[in-house]
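Next up, target-v7.cif (mmCIF, C-alpha atoms):
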data_model
loop_
_atom_site.label_atom_id
_atom_site.label_comp_id
_atom_site.auth_asym_id
_atom_site.auth_seq_id
_atom_site.Cartn_x
_atom_site.Cartn_y
_atom_site.Cartn_z
CA MET A 87 -30.03 -9.32 -1.24
CA PRO A 88 -29.52 -8.58 2.45
CA ARG A 89 -27.13 -5.83 3.35
CA ILE A 90 -25.13 -4.75 6.37
CA VAL A 91 -24.99 -1.03 6.97
CA VAL A 92 -21.93 0.53 8.60
CA ASP A 93 -22.07 4.17 9.73
CA VAL A 94 -18.86 6.06 10.47
CA MET A 95 -18.76 9.54 12.04
CA PRO A 96 -15.90 11.91 12.82
CA LYS A 97 -15.07 11.80 16.54
CA PRO A 98 -16.88 14.54 18.51
CA GLU A 99 -13.60 16.16 19.56
CA ILE A 100 -12.30 16.30 15.98
CA LEU A 101 -13.19 19.43 14.07
CA ASP A 102 -15.17 18.47 10.97
CA PRO A 103 -14.25 21.06 8.32
CA GLN A 104 -16.69 19.64 5.75
CA GLY A 105 -19.60 19.70 8.20
CA LYS A 106 -18.70 23.27 9.09
CA ALA A 107 -18.75 24.29 5.43
CA ILE A 108 -22.17 22.68 4.95
CA ALA A 109 -23.45 24.46 8.08
CA GLY A 110 -22.28 27.70 6.52
CA ALA A 111 -24.09 26.97 3.24
CA LEU A 112 -27.49 26.07 4.72
CA PRO A 113 -28.49 29.65 5.63
CA ARG A 114 -27.56 30.72 2.10
CA ILE A 115 -30.47 28.63 0.78
CA GLY A 116 -32.77 29.97 3.48
CA LEU A 117 -32.49 27.05 5.94
CA THR A 118 -31.69 28.64 9.26
CA GLY A 119 -32.94 26.00 11.68
CA PHE A 120 -29.68 24.13 12.19
CA ALA A 121 -27.02 24.92 14.77
CA ALA A 122 -24.34 22.54 13.47
CA VAL A 123 -23.63 19.88 10.84
CA ARG A 124 -21.35 16.89 11.05
CA GLN A 125 -20.66 14.78 7.98
CA GLY A 126 -20.10 11.05 8.21
CA LYS A 127 -20.04 8.04 5.90
CA ARG A 128 -22.46 5.19 5.28
CA PHE A 129 -21.26 1.88 3.83
CA GLU A 130 -23.56 -0.87 2.53
CA LEU A 131 -22.05 -4.34 2.48
CA THR A 132 -24.16 -6.65 0.32
CA VAL A 133 -24.13 -10.32 1.22
CA ASP A 134 -24.80 -13.10 -1.26
CA GLY A 135 -27.04 -15.33 0.83
CA GLU A 136 -27.83 -15.42 4.52
CA ILE A 137 -26.11 -13.11 6.98
CA THR A 138 -24.61 -15.32 9.64
CA GLU A 139 -23.05 -14.19 12.91
CA GLN A 140 -19.67 -14.96 11.31
CA ILE A 141 -20.32 -12.58 8.42
CA LEU A 142 -21.58 -9.93 10.82
CA GLU A 143 -18.35 -10.33 12.77
CA GLN A 144 -16.41 -9.81 9.54
CA ALA A 145 -18.38 -6.63 8.95
CA ARG A 146 -17.51 -5.37 12.44
CA HIS A 147 -13.86 -6.18 11.76
CA ALA A 148 -13.99 -4.35 8.42
CA ALA A 149 -15.63 -1.39 10.15
CA THR A 150 -12.81 -0.92 12.65
CA THR A 151 -9.83 -1.81 10.43
CA LEU A 152 -10.54 -0.49 6.95
CA LEU A 153 -13.79 1.49 6.89
CA SER A 154 -12.83 3.79 9.77
CA ASN A 155 -9.68 5.23 11.31
CA PRO A 156 -10.03 5.08 15.12
CA VAL A 157 -7.81 8.13 15.52
CA ILE A 158 -10.36 10.42 13.89
CA GLU A 159 -13.57 8.41 13.49
CA ASP A 160 -16.09 6.29 15.44
CA VAL A 161 -18.12 3.40 14.07
CA THR A 162 -21.65 4.35 15.15
CA ARG A 163 -23.60 1.48 13.58
CA VAL A 164 -23.13 -2.02 12.19
CA GLU A 165 -26.59 -3.35 11.40
CA VAL A 166 -28.38 -5.75 9.06
CA ILE A 167 -31.08 -4.26 6.85
CA GLU A 168 -33.33 -6.93 5.34
CA GLU A 169 -35.54 -4.90 3.06
CA ASP A 170 -34.58 -2.70 0.18
CA ALA A 171 -35.17 0.91 1.03
CA PRO A 172 -38.47 2.14 -0.45
CA MET B 172 15.20 39.82 -6.85
CA THR B 173 16.12 37.91 -9.97
CA SER B 174 19.65 38.02 -11.18
CA THR B 175 21.22 37.00 -14.44
CA SER B 176 24.22 35.71 -12.54
CA ILE B 177 22.27 32.69 -11.30
CA GLU B 178 22.96 29.73 -13.48
CA THR B 179 20.00 27.58 -14.34
CA PRO B 180 21.03 23.99 -14.95
CA LEU B 181 19.89 22.23 -18.07
CA ILE B 182 16.88 19.96 -17.70
CA GLY B 183 18.08 16.42 -17.23
CA ASP B 184 21.55 17.54 -16.19
CA LEU B 185 21.54 15.08 -13.33
CA GLN B 186 24.60 15.25 -11.16
CA ALA B 187 24.98 14.33 -7.53
CA VAL B 188 25.69 17.43 -5.49
CA THR B 189 27.56 15.62 -2.74
CA ASP B 190 31.35 15.41 -2.89
CA ASP B 191 31.82 11.82 -1.83
CA ASP B 192 30.26 9.91 -4.68
CA GLY B 193 31.87 6.67 -3.51
CA PRO B 194 30.21 5.19 -0.43
CA LEU B 195 26.88 7.00 -0.71
CA ALA B 196 26.23 5.50 -4.14
CA THR B 197 26.19 2.04 -2.57
CA VAL B 198 23.13 2.97 -0.49
CA ARG B 199 19.96 1.68 -2.16
CA VAL B 200 16.86 3.71 -1.42
CA GLY B 201 13.57 2.21 -2.58
CA VAL B 202 10.69 4.43 -3.69
CA VAL B 203 7.26 2.77 -3.67
CA THR B 204 4.81 3.41 -6.50
CA PHE B 205 1.10 2.93 -5.80
CA PRO B 206 -1.73 3.45 -8.31
CA GLY B 207 -2.09 7.23 -8.10
CA SER B 208 1.39 8.07 -6.82
CA LEU B 209 2.61 11.31 -8.38
CA ASP B 210 5.99 12.18 -6.93
CA ASP B 211 7.73 8.81 -7.09
CA ARG B 212 9.99 9.92 -9.97
CA ASP B 213 10.82 13.15 -8.16
CA ALA B 214 11.76 11.23 -5.01
CA MET B 215 14.00 8.88 -7.01
CA ARG B 216 15.67 11.86 -8.64
CA ALA B 217 16.22 13.43 -5.20
CA VAL B 218 17.92 10.24 -4.01
CA ARG B 219 20.25 10.29 -7.03
CA LEU B 220 20.99 14.00 -6.63
CA ALA B 221 21.92 13.31 -3.02
CA GLY B 222 24.41 10.72 -4.27
CA GLY B 223 22.51 7.49 -3.55
CA SER B 224 21.04 4.78 -5.74
CA ALA B 225 17.28 4.86 -6.29
CA VAL B 226 15.33 1.62 -6.64
CA GLN B 227 11.77 1.59 -7.97
CA LEU B 228 9.42 -0.57 -5.88
CA TRP B 229 5.89 -1.63 -6.80
CA HIS B 230 3.19 -1.69 -4.12
CA GLY B 231 1.87 -5.08 -5.23
CA ASP B 232 5.22 -6.87 -4.86
CA HIS B 233 6.24 -8.84 -1.80
CA ASP B 234 9.97 -8.24 -2.20
CA LEU B 235 11.79 -5.19 -0.80
CA GLN B 236 14.76 -6.01 -3.08
CA GLU B 237 17.13 -5.63 -0.16
CA VAL B 238 16.91 -1.84 -0.16
CA ASP B 239 18.58 0.03 2.72
CA ALA B 240 15.79 2.60 3.13
CA VAL B 241 12.31 3.30 1.73
CA ILE B 242 10.51 6.46 0.65
CA ILE B 243 6.73 6.45 0.33
CA PRO B 244 6.09 9.34 -2.05
CA GLY B 245 3.34 11.90 -2.43
CA GLY B 246 0.32 11.77 -4.69
CA PHE B 247 -3.21 10.44 -4.46
CA SER B 248 -2.84 6.69 -4.05
CA TYR B 249 -6.16 5.02 -4.88
CA GLY B 250 -7.54 8.49 -5.54
CA ASP B 251 -7.67 9.19 -1.79
CA TYR B 252 -10.80 6.98 -1.81
CA LEU B 253 -12.20 6.16 1.64
CA ARG B 254 -9.47 8.15 3.45
CA ALA B 255 -6.06 9.29 2.19
CA GLY B 256 -3.73 6.29 2.54
CA ALA B 257 -6.42 3.94 3.87
CA ILE B 258 -6.35 1.44 1.01
CA SER B 259 -2.61 1.66 0.24
CA ARG B 260 -1.86 0.69 3.80
CA PHE B 261 -2.96 -2.87 3.00
CA ALA B 262 -0.73 -3.25 -0.10
CA PRO B 263 1.48 -6.37 0.04
CA LEU B 264 4.69 -4.32 0.04
CA MET B 265 3.39 -2.17 2.92
CA GLU B 266 3.23 -5.29 5.11
CA GLN B 267 6.92 -5.91 4.40
CA ILE B 268 7.76 -2.27 5.10
CA THR B 269 5.76 -2.16 8.34
CA HIS B 270 7.53 -5.29 9.55
CA ALA B 271 11.03 -4.10 8.54
CA ALA B 272 10.51 -0.60 9.97
CA SER B 273 9.47 -1.87 13.39
CA GLY B 274 12.67 -3.76 14.17
CA GLY B 275 14.27 -1.48 16.78
CA ALA B 276 17.76 0.02 16.42
CA ASN B 277 18.62 -1.46 13.03
CA ALA B 278 15.15 -1.10 11.61
CA LEU B 279 14.57 0.02 8.04
CA PRO B 280 14.56 3.83 7.66
CA VAL B 281 11.25 4.93 6.12
CA LEU B 282 10.25 8.41 4.97
CA GLY B 283 6.64 9.26 4.14
CA ILE B 284 6.04 12.44 2.18
CA CYS B 285 2.52 13.93 2.06
CA ASN B 286 0.35 10.99 0.92
CA GLY B 287 3.23 8.81 2.14
CA PHE B 288 2.86 10.38 5.59
CA GLN B 289 -0.87 9.66 5.46
CA ILE B 290 -0.13 6.03 4.55
CA LEU B 291 2.30 5.71 7.48
CA THR B 292 -0.34 6.94 9.94
CA GLU B 293 -2.94 4.57 8.48
CA ALA B 294 -0.37 1.74 8.86
CA HIS B 295 0.13 2.80 12.51
CA LEU B 296 3.85 3.31 11.98
CA LEU B 297 3.25 6.92 13.05
CA PRO B 298 0.55 8.25 15.40
CA GLY B 299 -2.19 10.75 14.58
CA SER B 300 -3.94 11.32 11.29
CA MET B 301 -4.55 13.94 8.63
CA ILE B 302 -7.95 15.49 7.97
CA LYS B 303 -9.05 18.15 5.47
CA ASN B 304 -7.32 21.50 5.70
CA GLU B 305 -9.15 23.79 8.10
CA HIS B 306 -9.97 26.19 5.23
CA LEU B 307 -10.99 23.28 2.92
CA HIS B 308 -8.85 24.54 0.04
CA PHE B 309 -6.10 22.73 -1.79
CA LEU B 310 -3.02 24.72 -0.86
CA CYS B 311 0.22 24.95 -2.82
CA ARG B 312 2.94 27.23 -1.53
CA ASP B 313 6.58 27.42 -0.56
CA GLN B 314 6.48 26.78 3.16
CA ARG B 315 8.96 27.72 5.88
CA LEU B 316 9.56 24.97 8.43
CA ARG B 317 11.72 24.58 11.50
CA VAL B 318 13.68 21.35 11.95
CA GLU B 319 12.94 20.55 15.60
CA ASN B 320 14.77 17.24 15.80
CA ALA B 321 18.06 16.77 13.94
CA ASP B 322 18.72 13.32 15.41
CA THR B 323 16.38 11.23 13.25
CA HIS B 324 17.68 9.07 10.40
CA TRP B 325 16.32 11.65 7.94
CA THR B 326 17.40 14.95 9.53
CA GLY B 327 21.02 14.44 10.64
CA GLU B 328 22.35 16.91 8.07
CA TYR B 329 20.42 19.78 9.68
CA TRP B 330 20.78 21.34 13.11
CA ALA B 331 17.97 21.54 15.61
CA GLY B 332 16.25 24.90 15.16
CA GLU B 333 17.41 25.29 11.55
CA GLU B 334 14.77 26.59 9.16
CA VAL B 335 14.09 25.33 5.64
CA VAL B 336 11.77 26.36 2.81
CA ILE B 337 10.15 23.53 0.87
CA PRO B 338 6.91 23.25 -1.12
CA LEU B 339 3.65 22.26 0.56
CA LYS B 340 0.76 21.06 -1.63
CA ASN B 341 -2.24 19.17 -0.30
CA GLN B 342 -5.90 19.23 0.65
CA ASP B 343 -5.84 16.79 3.57
CA GLY B 344 -2.92 18.28 5.47
CA GLN B 345 -4.33 19.04 8.89
CA PHE B 346 -2.44 16.91 11.42
CA VAL B 347 -4.64 15.80 14.31
CA ALA B 348 -4.12 13.61 17.36
CA ASP B 349 -5.50 13.58 20.89
CA ASN B 350 -3.76 15.74 23.50
CA ARG B 351 -2.12 12.79 25.23
CA THR B 352 -0.48 11.71 21.95
CA LEU B 353 0.56 15.29 21.20
CA ASP B 354 2.12 15.66 24.66
CA GLU B 355 3.93 12.37 24.17
CA LEU B 356 5.28 13.47 20.78
CA GLU B 357 6.49 16.78 22.23
CA GLY B 358 7.94 15.17 25.35
CA GLU B 359 9.90 12.57 23.42
CA GLY B 360 11.20 15.07 20.85
CA ARG B 361 9.29 13.35 18.09
CA VAL B 362 7.98 16.55 16.51
CA VAL B 363 10.52 16.70 13.68
CA PHE B 364 9.19 19.62 11.61
CA ARG B 365 6.99 22.54 12.59
CA TYR B 366 5.35 25.21 10.43
CA VAL B 367 6.92 28.64 10.95
CA ASP B 368 5.27 32.08 10.59
CA GLU B 369 1.74 30.82 9.99
CA ASN B 370 -0.09 27.54 10.28
CA PRO B 371 -1.18 26.73 6.71
CA ASN B 372 -3.82 24.09 7.44
CA GLY B 373 -4.85 24.07 11.12
CA SER B 374 -2.42 21.29 12.14
CA ARG B 375 -2.32 20.75 15.91
CA ARG B 376 0.59 22.60 17.51
CA ASN B 377 1.86 23.64 14.05
CA ILE B 378 3.15 20.12 13.45
CA ALA B 379 4.39 19.45 9.90
CA GLY B 380 6.26 16.20 10.51
CA ILE B 381 6.86 13.58 13.20
CA SER B 382 8.91 10.46 13.83
CA ASN B 383 8.52 7.13 15.60
CA ALA B 384 10.36 6.56 18.90
CA ALA B 385 13.45 5.06 17.22
CA GLY B 386 13.72 7.93 14.71
CA ASN B 387 13.95 5.65 11.67
CA VAL B 388 10.39 6.39 10.52
CA VAL B 389 9.64 10.02 9.65
CA GLY B 390 6.58 11.50 7.96
CA LEU B 391 5.96 15.06 6.82
CA MET B 392 3.34 16.84 4.73
CA PRO B 393 5.62 19.24 2.79
CA HIS B 394 7.67 17.94 -0.15
CA PRO B 395 11.46 18.02 0.32
CA GLU B 396 11.93 16.24 -3.03
CA HIS B 397 10.71 19.40 -4.78
CA ALA B 398 13.53 21.46 -3.26
CA VAL B 399 16.65 19.55 -4.24
CA GLU B 400 17.78 21.02 -7.53
CA ALA B 401 18.62 24.59 -8.49
CA GLY B 402 16.33 25.66 -11.32
CA PHE B 403 13.41 23.52 -10.13
CA GLY B 404 12.97 24.45 -6.47
CA PRO B 405 11.19 27.19 -4.54
CA ASP B 406 12.08 30.83 -5.19
CA SER B 407 13.38 31.20 -1.67
CA SER B 408 15.55 29.46 0.87
CA ALA B 409 15.95 29.83 4.61
CA ARG B 410 19.68 30.18 3.92
CA GLY B 411 19.33 33.49 2.08
CA ASP B 412 18.59 34.79 -1.39
CA VAL B 413 18.76 32.06 -4.01
CA GLY B 414 16.92 33.62 -6.92
CA LEU B 415 14.29 32.12 -9.18
CA ARG B 416 13.60 28.40 -8.44
CA GLY B 417 16.91 28.20 -6.63
CA GLY B 418 15.82 26.68 -3.30
CA THR B 419 17.41 23.33 -2.42
CA ASP B 420 16.69 23.20 1.32
CA GLY B 421 15.09 19.75 1.02
CA LEU B 422 18.20 17.95 -0.18
CA GLY B 423 19.48 17.47 3.37
CA ILE B 424 16.66 14.98 4.06
CA PHE B 425 18.04 12.65 1.42
CA THR B 426 21.76 13.14 2.20
CA SER B 427 20.90 12.59 5.89
CA VAL B 428 19.70 9.03 5.42
CA LEU B 429 22.56 8.17 3.03
CA ARG B 430 25.21 9.42 5.48
CA LYS B 431 23.43 7.70 8.37
CA LEU B 432 23.53 4.40 6.51
CA VAL B 433 27.21 4.59 5.48
CA GLY B 434 28.31 6.16 8.77
#

Would you mind writing the structure in this file as structure tokens?
Amino acid sequence: MPRIVVDVMPKPEILDPQGKAIAGALPRIGLTGFAAVRQGKRFELTVDGEITEQILEQARHAATTLLSNPVIEDVTRVEVIEEDAP
Amino acid sequence: MTSTSIETPLIGDLQAVTDDDGPLATVRVGVVTFPGSLDDRDAMRAVRLAGGSAVQLWHGDHDLQEVDAVIIPGGFSYGDYLRAGAISRFAPLMEQITHAASGGANALPVLGICNGFQILTEAHLLPGSMIKNEHLHFLCRDQRLRVENADTHWTGEYWAGEEVVIPLKNQDGQFVADNRTLDELEGEGRVVFRYVDENPNGSRRNIAGISNAAGNVVGLMPHPEHAVEAGFGPDSSARGDVGLRGGTDGLGIFTSVLRKLVG
């Protein structure tokens, strides 16, 4: 079934304590190539049937009202994915 | 210093500590229970200890039961899924509360404690938001605060600059907002509580609690309802030595709204 993917990231100016902790852990497993980590969220909204513009609009609305908090987060993607991930 | 002279009340020995048990008892303060609320009973007990009448409200109801004020208690409503307070904000009763709290001078007084504060920011009744503590740990401690604004519906029993000690216990307690919002809050005197001595979670400008412009909606991360009863409070008070579990500095929050509503 087709899905709509919504990505939400902490705003650039907001300190991301979880990302910082992950960045601190990477060198401990020998991975030293990364300067910083930011942790976001990915939502998959499954649609029963065809994804119409109306449903996509509902997804955008969900993204900005429930799935993210505009004070601390940005919606960085609302996109249809047709195929199941391999 | 523990002293044998300090009397520890019996568990369940519930008695209002205010003198005037007449008019205050007519004030009905609703406490909302969500799935995952933890401190709803404690908040109701605090209301009764302050001399008021506590009314239990259920998040899924549409009826505010004509309460005179509302407390949104602490806990982990909906398990903090998505974001703390994000799902509770859309509860049917929250729509009623948001509407009633936005009505200007005679608007419904609303207090959000910890998760309740998070719910109030998600509902846009208060600005800003809470993110994970800077140090990422769950923190539980007796916290010293300064009451910065004693003119809100919930702080009239204190004086501006007065310090209190009440418990703080959370993981998502770091108050954040953009600088313009922070300047606005400071400029309008809407920073109600500030952390004293050290900032426990990285909150911007040491902010522990804020209010809306009218002062009827207040939110704070620490838990005043856990500092209302000798024998069950913090081991310290900003008012001096109180002995083991003797701190009751939080009671003023609850007497404040009762007196405001009868006054």

Exercise for the section: Name the closest residue to Leu153 in chain A among the candidates B:Ala401, B:Leu195, B:Ala221, B:Ile258; distances are taken between atoms, counting all atoms listed in the file. Expected result: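 Among the listed residues, B:Ile258 lies closest to Leu153 in chain A.
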
Exercise for the section: Go through the shown structure with the PyMOL selection byres ((chain A) within 8 of (chain B)) and write out the matching residues as a ChimeraX atom specification. Expected result: /A:100,103-104,152-153,155,157-158

Completion exercise
A straight line from CA of Val388 in chain B to CA of Gln342 in chain B spans 23.0 Å

Handout entry: Within 6 Å of Ala398 in chain B using only C-alpha atoms, minus same-chain residues under 3 positions, as a list in words
Key = Ile337, Pro395, Gly404, Gly418, Thr419, Asp420 and Gly421 of chain B

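We find CA of Val91 in chain A and CA of Glu130 in chain A to be spaced 4.7 Å apart.
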
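Going from CA of Leu264 in chain B to CA of Ser154 in chain A covers 21.6 Å.
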